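Colleague: Before anything else, here's the structure in question.
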Amino acid sequence: MEANTRGTGRLPAAFLTPGSSSFMDFLSDHQPELLPGKRTLPPVQGVIEAPHGTTIVAVTFPGGVVLAGDRRATMGNVIAQRDIEKVFPADEHSAVGIAGTAGLAVEMVKLFQLELEHFEKVEGAQLSLEGKANRLSTMIRSNLGMAMQGLAVVPLFAGYDLDRAKGRIFSYDVTGGRSEEHNFAATGSGSVFARGAMKKLFRDDLTEEEATTLVVQALYDAADDDSATGGPDVARRIYPIITVITDDGFRRLTEQEASELSRAVLQRRLEEPDGPRAALL
């Protein structure tokens, strides 16, 4: 927002007037054209071609939740990027994984991060996990016009609920409709295959290490059947982004940790091409 007051050294009145703890409301009142959903697109014929992120998965375990994503972005039948990042921290105890139009999705995540930070500074307290999920729902709903033109954003939101002392997962549709998922969830083009893998492998007593292995196995299965999903790429050293959120906060696994997990899953698949036998017992 323009803050130049012709050398007076004073901020515009908008910055000094008490108002909503929502940064989106503030921007809507004073400069709505900066919001992604308020932009006017030129008339186009057909669907706009833009890079799309694909598969995001999440799974809960006693003590937290794991959120992970593959690294491929596609544009039609072309691989637009092999190492895109699709999982981002929202704040200290939550994270967002993006599927859909990559550019808009990343912009929405940045606005969501700012929204949570703004609320905390104004109110002096963090939003509840439920409140964060609701704020993200509002942002997705504001993008409905662009979604109708093919520029949809469908994230997966996960975090550690400090009040309930457990990990929780929320999924969305393009209209902003929000649903809480139990145990595991997936979104994106490979979500059907990833969900099938997680359904076979999930247990209520997973350890953190087992949960991180499970999401890599699910992304491997998704990549095996969905061309838009990228599996672990050992040759290029490109591995899924894997994050863990617990009472201690958000943590992203290092490249070394992601590499070791991915190589272990690939080795097991060489030995058992149809998947772990334990999953069928």
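Naming scheme: A, B, ... for chains in displayed order of the structure tokens; residues 1 onward per chain; ligands 1 onward as shown.
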Please return as a PyMOL selection string: the residues of region 56-248 of chain A that backbone DSSP assigns to strand (DSSP E or B).

Modeller: chain A and resi 56-61+64-69+73-75+78-81+87-91+94-97+100-101+153+156-161+166-172+178-181+184-187+233+238+241-246

Colleague: Residues at most 12 Å from Arg236 (chain A), counting only C-alpha atoms, excluding those fewer than 6 positions away in the same chain, as a list of chain:residue names?

Modeller: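 Final neighbour list, sorted by chain and number: A:Arg71, A:Arg82, A:Asp83, A:Gly230, A:Ser259.
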
Colleague: Produce a file of the selected residues containing C-alpha atoms, as an mmCIF file, in the first residue's frame.

Modeller:
data_model
loop_
_atom_site.group_PDB
_atom_site.id
_atom_site.type_symbol
_atom_site.label_atom_id
_atom_site.label_comp_id
_atom_site.auth_asym_id
_atom_site.auth_seq_id
_atom_site.Cartn_x
_atom_site.Cartn_y
_atom_site.Cartn_z
ATOM 1 C CA ARG A 71 7.973 -31.507 -6.570
ATOM 2 C CA ARG A 82 10.682 -30.472 -11.588
ATOM 3 C CA ASP A 83 11.581 -28.989 -8.202
ATOM 4 C CA GLY A 230 6.690 -36.527 -9.630
ATOM 5 C CA SER A 259 16.825 -38.597 0.597
#

Colleague: How far is it from CA of Ala185 (chain A) to CA of Gly97 (chain A), in Å with one decimal?

Modeller: 11.4 Å

Colleague: Would you give me, as a PDB file with N, CA, C and O atoms, in the first residue's frame, the residues in region 49-198 of chain A that DSSP reads as alpha helix (DSSP H)?

Modeller:
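Everything below was put into part09.pdb:
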ATOM      1  N   ALA A 102      -0.143 -22.821  -9.751  1.00  0.00           N
ATOM      2  CA  ALA A 102       0.997 -22.623  -8.860  1.00  0.00           C
ATOM      3  C   ALA A 102       1.208 -21.164  -8.461  1.00  0.00           C
ATOM      4  O   ALA A 102       1.406 -20.861  -7.279  1.00  0.00           O
ATOM      5  N   GLY A 103       1.185 -20.251  -9.421  1.00  0.00           N
ATOM      6  CA  GLY A 103       1.444 -18.846  -9.117  1.00  0.00           C
ATOM      7  C   GLY A 103       0.447 -18.271  -8.135  1.00  0.00           C
ATOM      8  O   GLY A 103       0.811 -17.619  -7.147  1.00  0.00           O
ATOM      9  N   LEU A 104      -0.833 -18.494  -8.396  1.00  0.00           N
ATOM     10  CA  LEU A 104      -1.880 -17.997  -7.500  1.00  0.00           C
ATOM     11  C   LEU A 104      -1.792 -18.667  -6.135  1.00  0.00           C
ATOM     12  O   LEU A 104      -2.026 -18.032  -5.103  1.00  0.00           O
ATOM     13  N   ALA A 105      -1.485 -19.962  -6.129  1.00  0.00           N
ATOM     14  CA  ALA A 105      -1.423 -20.705  -4.865  1.00  0.00           C
ATOM     15  C   ALA A 105      -0.326 -20.160  -3.963  1.00  0.00           C
ATOM     16  O   ALA A 105      -0.536 -19.958  -2.763  1.00  0.00           O
ATOM     17  N   VAL A 106       0.845 -19.905  -4.518  1.00  0.00           N
ATOM     18  CA  VAL A 106       1.952 -19.363  -3.722  1.00  0.00           C
ATOM     19  C   VAL A 106       1.599 -17.977  -3.199  1.00  0.00           C
ATOM     20  O   VAL A 106       1.874 -17.643  -2.040  1.00  0.00           O
ATOM     21  N   GLU A 107       0.959 -17.163  -4.042  1.00  0.00           N
ATOM     22  CA  GLU A 107       0.541 -15.828  -3.614  1.00  0.00           C
ATOM     23  C   GLU A 107      -0.483 -15.909  -2.478  1.00  0.00           C
ATOM     24  O   GLU A 107      -0.432 -15.144  -1.509  1.00  0.00           O
ATOM     25  N   MET A 108      -1.405 -16.878  -2.581  1.00  0.00           N
ATOM     26  CA  MET A 108      -2.410 -17.044  -1.539  1.00  0.00           C
ATOM     27  C   MET A 108      -1.770 -17.478  -0.220  1.00  0.00           C
ATOM     28  O   MET A 108      -2.168 -17.029   0.858  1.00  0.00           O
ATOM     29  N   VAL A 109      -0.781 -18.363  -0.299  1.00  0.00           N
ATOM     30  CA  VAL A 109      -0.091 -18.813   0.910  1.00  0.00           C
ATOM     31  C   VAL A 109       0.602 -17.637   1.598  1.00  0.00           C
ATOM     32  O   VAL A 109       0.547 -17.488   2.822  1.00  0.00           O
ATOM     33  N   LYS A 110       1.270 -16.790   0.820  1.00  0.00           N
ATOM     34  CA  LYS A 110       1.950 -15.631   1.399  1.00  0.00           C
ATOM     35  C   LYS A 110       0.956 -14.690   2.075  1.00  0.00           C
ATOM     36  O   LYS A 110       1.226 -14.143   3.158  1.00  0.00           O
ATOM     37  N   LEU A 111      -0.207 -14.505   1.448  1.00  0.00           N
ATOM     38  CA  LEU A 111      -1.237 -13.658   2.041  1.00  0.00           C
ATOM     39  C   LEU A 111      -1.789 -14.300   3.312  1.00  0.00           C
ATOM     40  O   LEU A 111      -2.054 -13.614   4.310  1.00  0.00           O
ATOM     41  N   PHE A 112      -1.921 -15.623   3.300  1.00  0.00           N
ATOM     42  CA  PHE A 112      -2.401 -16.344   4.478  1.00  0.00           C
ATOM     43  C   PHE A 112      -1.404 -16.218   5.632  1.00  0.00           C
ATOM     44  O   PHE A 112      -1.794 -16.003   6.791  1.00  0.00           O
ATOM     45  N   GLN A 113      -0.124 -16.344   5.345  1.00  0.00           N
ATOM     46  CA  GLN A 113       0.900 -16.171   6.367  1.00  0.00           C
ATOM     47  C   GLN A 113       0.815 -14.775   6.986  1.00  0.00           C
ATOM     48  O   GLN A 113       0.898 -14.617   8.211  1.00  0.00           O
ATOM     49  N   LEU A 114       0.633 -13.770   6.121  1.00  0.00           N
ATOM     50  CA  LEU A 114       0.528 -12.391   6.595  1.00  0.00           C
ATOM     51  C   LEU A 114      -0.739 -12.184   7.417  1.00  0.00           C
ATOM     52  O   LEU A 114      -0.738 -11.472   8.426  1.00  0.00           O
ATOM     53  N   GLU A 115      -1.826 -12.844   7.007  1.00  0.00           N
ATOM     54  CA  GLU A 115      -3.090 -12.746   7.740  1.00  0.00           C
ATOM     55  C   GLU A 115      -2.939 -13.255   9.174  1.00  0.00           C
ATOM     56  O   GLU A 115      -3.393 -12.626  10.132  1.00  0.00           O
ATOM     57  N   LEU A 116      -2.283 -14.399   9.334  1.00  0.00           N
ATOM     58  CA  LEU A 116      -2.100 -14.966  10.672  1.00  0.00           C
ATOM     59  C   LEU A 116      -1.158 -14.115  11.516  1.00  0.00           C
ATOM     60  O   LEU A 116      -1.387 -13.919  12.714  1.00  0.00           O
ATOM     61  N   GLU A 117      -0.117 -13.594  10.887  1.00  0.00           N
ATOM     62  CA  GLU A 117       0.823 -12.738  11.611  1.00  0.00           C
ATOM     63  C   GLU A 117       0.160 -11.432  12.048  1.00  0.00           C
ATOM     64  O   GLU A 117       0.370 -10.945  13.161  1.00  0.00           O
ATOM     65  N   HIS A 118      -0.663 -10.861  11.153  1.00  0.00           N
ATOM     66  CA  HIS A 118      -1.372  -9.619  11.462  1.00  0.00           C
ATOM     67  C   HIS A 118      -2.332  -9.811  12.640  1.00  0.00           C
ATOM     68  O   HIS A 118      -2.378  -8.987  13.557  1.00  0.00           O
ATOM     69  N   PHE A 119      -3.070 -10.923  12.617  1.00  0.00           N
ATOM     70  CA  PHE A 119      -4.000 -11.205  13.715  1.00  0.00           C
ATOM     71  C   PHE A 119      -3.257 -11.306  15.044  1.00  0.00           C
ATOM     72  O   PHE A 119      -3.680 -10.754  16.061  1.00  0.00           O
ATOM     73  N   GLU A 120      -2.121 -12.012  15.028  1.00  0.00           N
ATOM     74  CA  GLU A 120      -1.364 -12.207  16.267  1.00  0.00           C
ATOM     75  C   GLU A 120      -0.841 -10.884  16.813  1.00  0.00           C
ATOM     76  O   GLU A 120      -0.845 -10.651  18.029  1.00  0.00           O
ATOM     77  N   LYS A 121      -0.411  -9.994  15.915  1.00  0.00           N
ATOM     78  CA  LYS A 121       0.114  -8.700  16.360  1.00  0.00           C
ATOM     79  C   LYS A 121      -0.994  -7.801  16.904  1.00  0.00           C
ATOM     80  O   LYS A 121      -0.813  -7.087  17.890  1.00  0.00           O
ATOM     81  N   VAL A 122      -2.160  -7.824  16.263  1.00  0.00           N
ATOM     82  CA  VAL A 122      -3.263  -6.957  16.691  1.00  0.00           C
ATOM     83  C   VAL A 122      -3.914  -7.472  17.963  1.00  0.00           C
ATOM     84  O   VAL A 122      -4.204  -6.719  18.892  1.00  0.00           O
ATOM     85  N   GLU A 123      -4.156  -8.787  18.020  1.00  0.00           N
ATOM     86  CA  GLU A 123      -4.880  -9.374  19.145  1.00  0.00           C
ATOM     87  C   GLU A 123      -3.968  -9.820  20.286  1.00  0.00           C
ATOM     88  O   GLU A 123      -4.434 -10.061  21.394  1.00  0.00           O
ATOM     89  N   LEU A 129      -6.617 -23.315  15.740  1.00  0.00           N
ATOM     90  CA  LEU A 129      -6.427 -24.026  14.479  1.00  0.00           C
ATOM     91  C   LEU A 129      -7.706 -23.978  13.644  1.00  0.00           C
ATOM     92  O   LEU A 129      -7.654 -23.831  12.421  1.00  0.00           O
ATOM     93  N   GLU A 130      -8.846 -24.079  14.310  1.00  0.00           N
ATOM     94  CA  GLU A 130     -10.135 -23.982  13.613  1.00  0.00           C
ATOM     95  C   GLU A 130     -10.286 -22.614  12.958  1.00  0.00           C
ATOM     96  O   GLU A 130     -10.766 -22.480  11.827  1.00  0.00           O
ATOM     97  N   GLY A 131      -9.872 -21.568  13.681  1.00  0.00           N
ATOM     98  CA  GLY A 131      -9.954 -20.214  13.144  1.00  0.00           C
ATOM     99  C   GLY A 131      -9.052 -20.026  11.936  1.00  0.00           C
ATOM    100  O   GLY A 131      -9.429 -19.373  10.956  1.00  0.00           O
ATOM    101  N   LYS A 132      -7.869 -20.601  11.975  1.00  0.00           N
ATOM    102  CA  LYS A 132      -6.950 -20.524  10.829  1.00  0.00           C
ATOM    103  C   LYS A 132      -7.569 -21.213   9.613  1.00  0.00           C
ATOM    104  O   LYS A 132      -7.498 -20.691   8.489  1.00  0.00           O
ATOM    105  N   ALA A 133      -8.172 -22.385   9.836  1.00  0.00           N
ATOM    106  CA  ALA A 133      -8.805 -23.117   8.738  1.00  0.00           C
ATOM    107  C   ALA A 133      -9.932 -22.296   8.124  1.00  0.00           C
ATOM    108  O   ALA A 133     -10.125 -22.294   6.903  1.00  0.00           O
ATOM    109  N   ASN A 134     -10.683 -21.579   8.959  1.00  0.00           N
ATOM    110  CA  ASN A 134     -11.775 -20.740   8.466  1.00  0.00           C
ATOM    111  C   ASN A 134     -11.252 -19.562   7.653  1.00  0.00           C
ATOM    112  O   ASN A 134     -11.844 -19.182   6.637  1.00  0.00           O
ATOM    113  N   ARG A 135     -10.155 -18.944   8.099  1.00  0.00           N
ATOM    114  CA  ARG A 135      -9.575 -17.814   7.356  1.00  0.00           C
ATOM    115  C   ARG A 135      -9.113 -18.268   5.970  1.00  0.00           C
ATOM    116  O   ARG A 135      -9.297 -17.560   4.982  1.00  0.00           O
ATOM    117  N   LEU A 136      -8.514 -19.441   5.891  1.00  0.00           N
ATOM    118  CA  LEU A 136      -8.072 -19.965   4.594  1.00  0.00           C
ATOM    119  C   LEU A 136      -9.270 -20.249   3.693  1.00  0.00           C
ATOM    120  O   LEU A 136      -9.232 -20.007   2.478  1.00  0.00           O
ATOM    121  N   SER A 137     -10.351 -20.731   4.277  1.00  0.00           N
ATOM    122  CA  SER A 137     -11.570 -20.983   3.517  1.00  0.00           C
ATOM    123  C   SER A 137     -12.090 -19.701   2.867  1.00  0.00           C
ATOM    124  O   SER A 137     -12.501 -19.692   1.700  1.00  0.00           O
ATOM    125  N   THR A 138     -12.048 -18.597   3.604  1.00  0.00           N
ATOM    126  CA  THR A 138     -12.490 -17.300   3.077  1.00  0.00           C
ATOM    127  C   THR A 138     -11.630 -16.867   1.902  1.00  0.00           C
ATOM    128  O   THR A 138     -12.132 -16.338   0.902  1.00  0.00           O
ATOM    129  N   MET A 139     -10.327 -17.083   2.006  1.00  0.00           N
ATOM    130  CA  MET A 139      -9.428 -16.702   0.916  1.00  0.00           C
ATOM    131  C   MET A 139      -9.716 -17.497  -0.354  1.00  0.00           C
ATOM    132  O   MET A 139      -9.721 -16.954  -1.457  1.00  0.00           O
ATOM    133  N   ILE A 140      -9.949 -18.795  -0.207  1.00  0.00           N
ATOM    134  CA  ILE A 140     -10.237 -19.635  -1.374  1.00  0.00           C
ATOM    135  C   ILE A 140     -11.545 -19.195  -2.021  1.00  0.00           C
ATOM    136  O   ILE A 140     -11.662 -19.133  -3.246  1.00  0.00           O
ATOM    137  N   ARG A 141     -12.532 -18.886  -1.190  1.00  0.00           N
ATOM    138  CA  ARG A 141     -13.832 -18.447  -1.715  1.00  0.00           C
ATOM    139  C   ARG A 141     -13.691 -17.153  -2.515  1.00  0.00           C
ATOM    140  O   ARG A 141     -14.372 -16.948  -3.526  1.00  0.00           O
ATOM    141  N   SER A 142     -12.801 -16.263  -2.083  1.00  0.00           N
ATOM    142  CA  SER A 142     -12.618 -14.994  -2.790  1.00  0.00           C
ATOM    143  C   SER A 142     -11.967 -15.195  -4.160  1.00  0.00           C
ATOM    144  O   SER A 142     -11.982 -14.289  -4.993  1.00  0.00           O
ATOM    145  N   LEU A 144     -12.971 -17.512  -6.297  1.00  0.00           N
ATOM    146  CA  LEU A 144     -13.909 -18.305  -7.090  1.00  0.00           C
ATOM    147  C   LEU A 144     -13.999 -17.828  -8.535  1.00  0.00           C
ATOM    148  O   LEU A 144     -14.092 -18.628  -9.462  1.00  0.00           O
ATOM    149  N   GLY A 145     -13.961 -16.493  -8.753  1.00  0.00           N
ATOM    150  CA  GLY A 145     -14.041 -15.968 -10.117  1.00  0.00           C
ATOM    151  C   GLY A 145     -12.924 -16.501 -11.003  1.00  0.00           C
ATOM    152  O   GLY A 145     -13.149 -16.899 -12.149  1.00  0.00           O
ATOM    153  N   MET A 146     -11.716 -16.523 -10.455  1.00  0.00           N
ATOM    154  CA  MET A 146     -10.584 -17.047 -11.222  1.00  0.00           C
ATOM    155  C   MET A 146     -10.670 -18.563 -11.376  1.00  0.00           C
ATOM    156  O   MET A 146     -10.277 -19.122 -12.398  1.00  0.00           O
ATOM    157  N   ALA A 147     -11.201 -19.226 -10.353  1.00  0.00           N
ATOM    158  CA  ALA A 147     -11.355 -20.682 -10.437  1.00  0.00           C
ATOM    159  C   ALA A 147     -12.286 -21.056 -11.580  1.00  0.00           C
ATOM    160  O   ALA A 147     -12.079 -22.072 -12.257  1.00  0.00           O
ATOM    161  N   SER A 191      -4.258 -37.656  -6.129  1.00  0.00           N
ATOM    162  CA  SER A 191      -4.811 -37.898  -4.791  1.00  0.00           C
ATOM    163  C   SER A 191      -5.536 -39.235  -4.670  1.00  0.00           C
ATOM    164  O   SER A 191      -5.508 -39.863  -3.610  1.00  0.00           O
ATOM    165  N   VAL A 192      -6.193 -39.683  -5.731  1.00  0.00           N
ATOM    166  CA  VAL A 192      -6.916 -40.958  -5.676  1.00  0.00           C
ATOM    167  C   VAL A 192      -5.951 -42.099  -5.380  1.00  0.00           C
ATOM    168  O   VAL A 192      -6.213 -42.957  -4.527  1.00  0.00           O
ATOM    169  N   PHE A 193      -4.809 -42.103  -6.065  1.00  0.00           N
ATOM    170  CA  PHE A 193      -3.838 -43.182  -5.879  1.00  0.00           C
ATOM    171  C   PHE A 193      -3.123 -43.054  -4.531  1.00  0.00           C
ATOM    172  O   PHE A 193      -2.860 -44.049  -3.863  1.00  0.00           O
ATOM    173  N   ALA A 194      -2.822 -41.820  -4.135  1.00  0.00           N
ATOM    174  CA  ALA A 194      -2.161 -41.604  -2.845  1.00  0.00           C
ATOM    175  C   ALA A 194      -3.071 -42.012  -1.692  1.00  0.00           C
ATOM    176  O   ALA A 194      -2.644 -42.646  -0.726  1.00  0.00           O
ATOM    177  N   ARG A 195      -4.345 -41.677  -1.815  1.00  0.00           N
ATOM    178  CA  ARG A 195      -5.301 -42.025  -0.753  1.00  0.00           C
ATOM    179  C   ARG A 195      -5.440 -43.543  -0.629  1.00  0.00           C
ATOM    180  O   ARG A 195      -5.551 -44.083   0.477  1.00  0.00           O
ATOM    181  N   GLY A 196      -5.438 -44.238  -1.761  1.00  0.00           N
ATOM    182  CA  GLY A 196      -5.530 -45.688  -1.724  1.00  0.00           C
ATOM    183  C   GLY A 196      -4.351 -46.303  -0.992  1.00  0.00           C
ATOM    184  O   GLY A 196      -4.506 -47.253  -0.213  1.00  0.00           O
ATOM    185  N   ALA A 197      -3.147 -45.760  -1.226  1.00  0.00           N
ATOM    186  CA  ALA A 197      -1.956 -46.269  -0.544  1.00  0.00           C
ATOM    187  C   ALA A 197      -2.033 -46.003   0.950  1.00  0.00           C
ATOM    188  O   ALA A 197      -1.719 -46.885   1.769  1.00  0.00           O
ATOM    189  N   MET A 198      -2.479 -44.796   1.326  1.00  0.00           N
ATOM    190  CA  MET A 198      -2.552 -44.462   2.749  1.00  0.00           C
ATOM    191  C   MET A 198      -3.621 -45.281   3.462  1.00  0.00           C
ATOM    192  O   MET A 198      -3.457 -45.648   4.631  1.00  0.00           O
TER     193      MET A 198
END

Colleague: Nearest residue to Val174 (chain A) out of A:Ala158, A:Met148, A:Ala90, A:Val234, using only C-alpha atoms?

Modeller: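 Under the stated criterion, the closest residue is A:Met148.
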
Colleague: Give me the residues near region 245-250 of chain A as a ChimeraX atom specification, where near means some atom within 10 Å (using only C-alpha atoms) and where sequence neighbours in that chain fewer than 4 positions away do not count.

Modeller: /A:60-67,88-95,158-162,165-168,208

Colleague: Could you give me, as a list in words, the residues within 8 Å of region 213-217 of chain A, counting only C-alpha atoms and dropping anything in the same chain fewer than 4 positions from it?

Modeller: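 Once the nearby chain positions are removed, what remains is Val57, Ala58, Val59, Val66, Leu67, Ala68, Ala197, Met198, Leu201, Phe202, Glu209, Asp221, Pro240, Leu261, Ser262 and Val265 of chain A.
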
Colleague: For CA of Thr101 (chain A) and CA of Ser189 (chain A), determine how far apart the two atoms are, in Å to one decimal place.

Modeller: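 Answer for the CA of Thr101 (chain A) to CA of Ser189 (chain A) separation: 12.1 Å.
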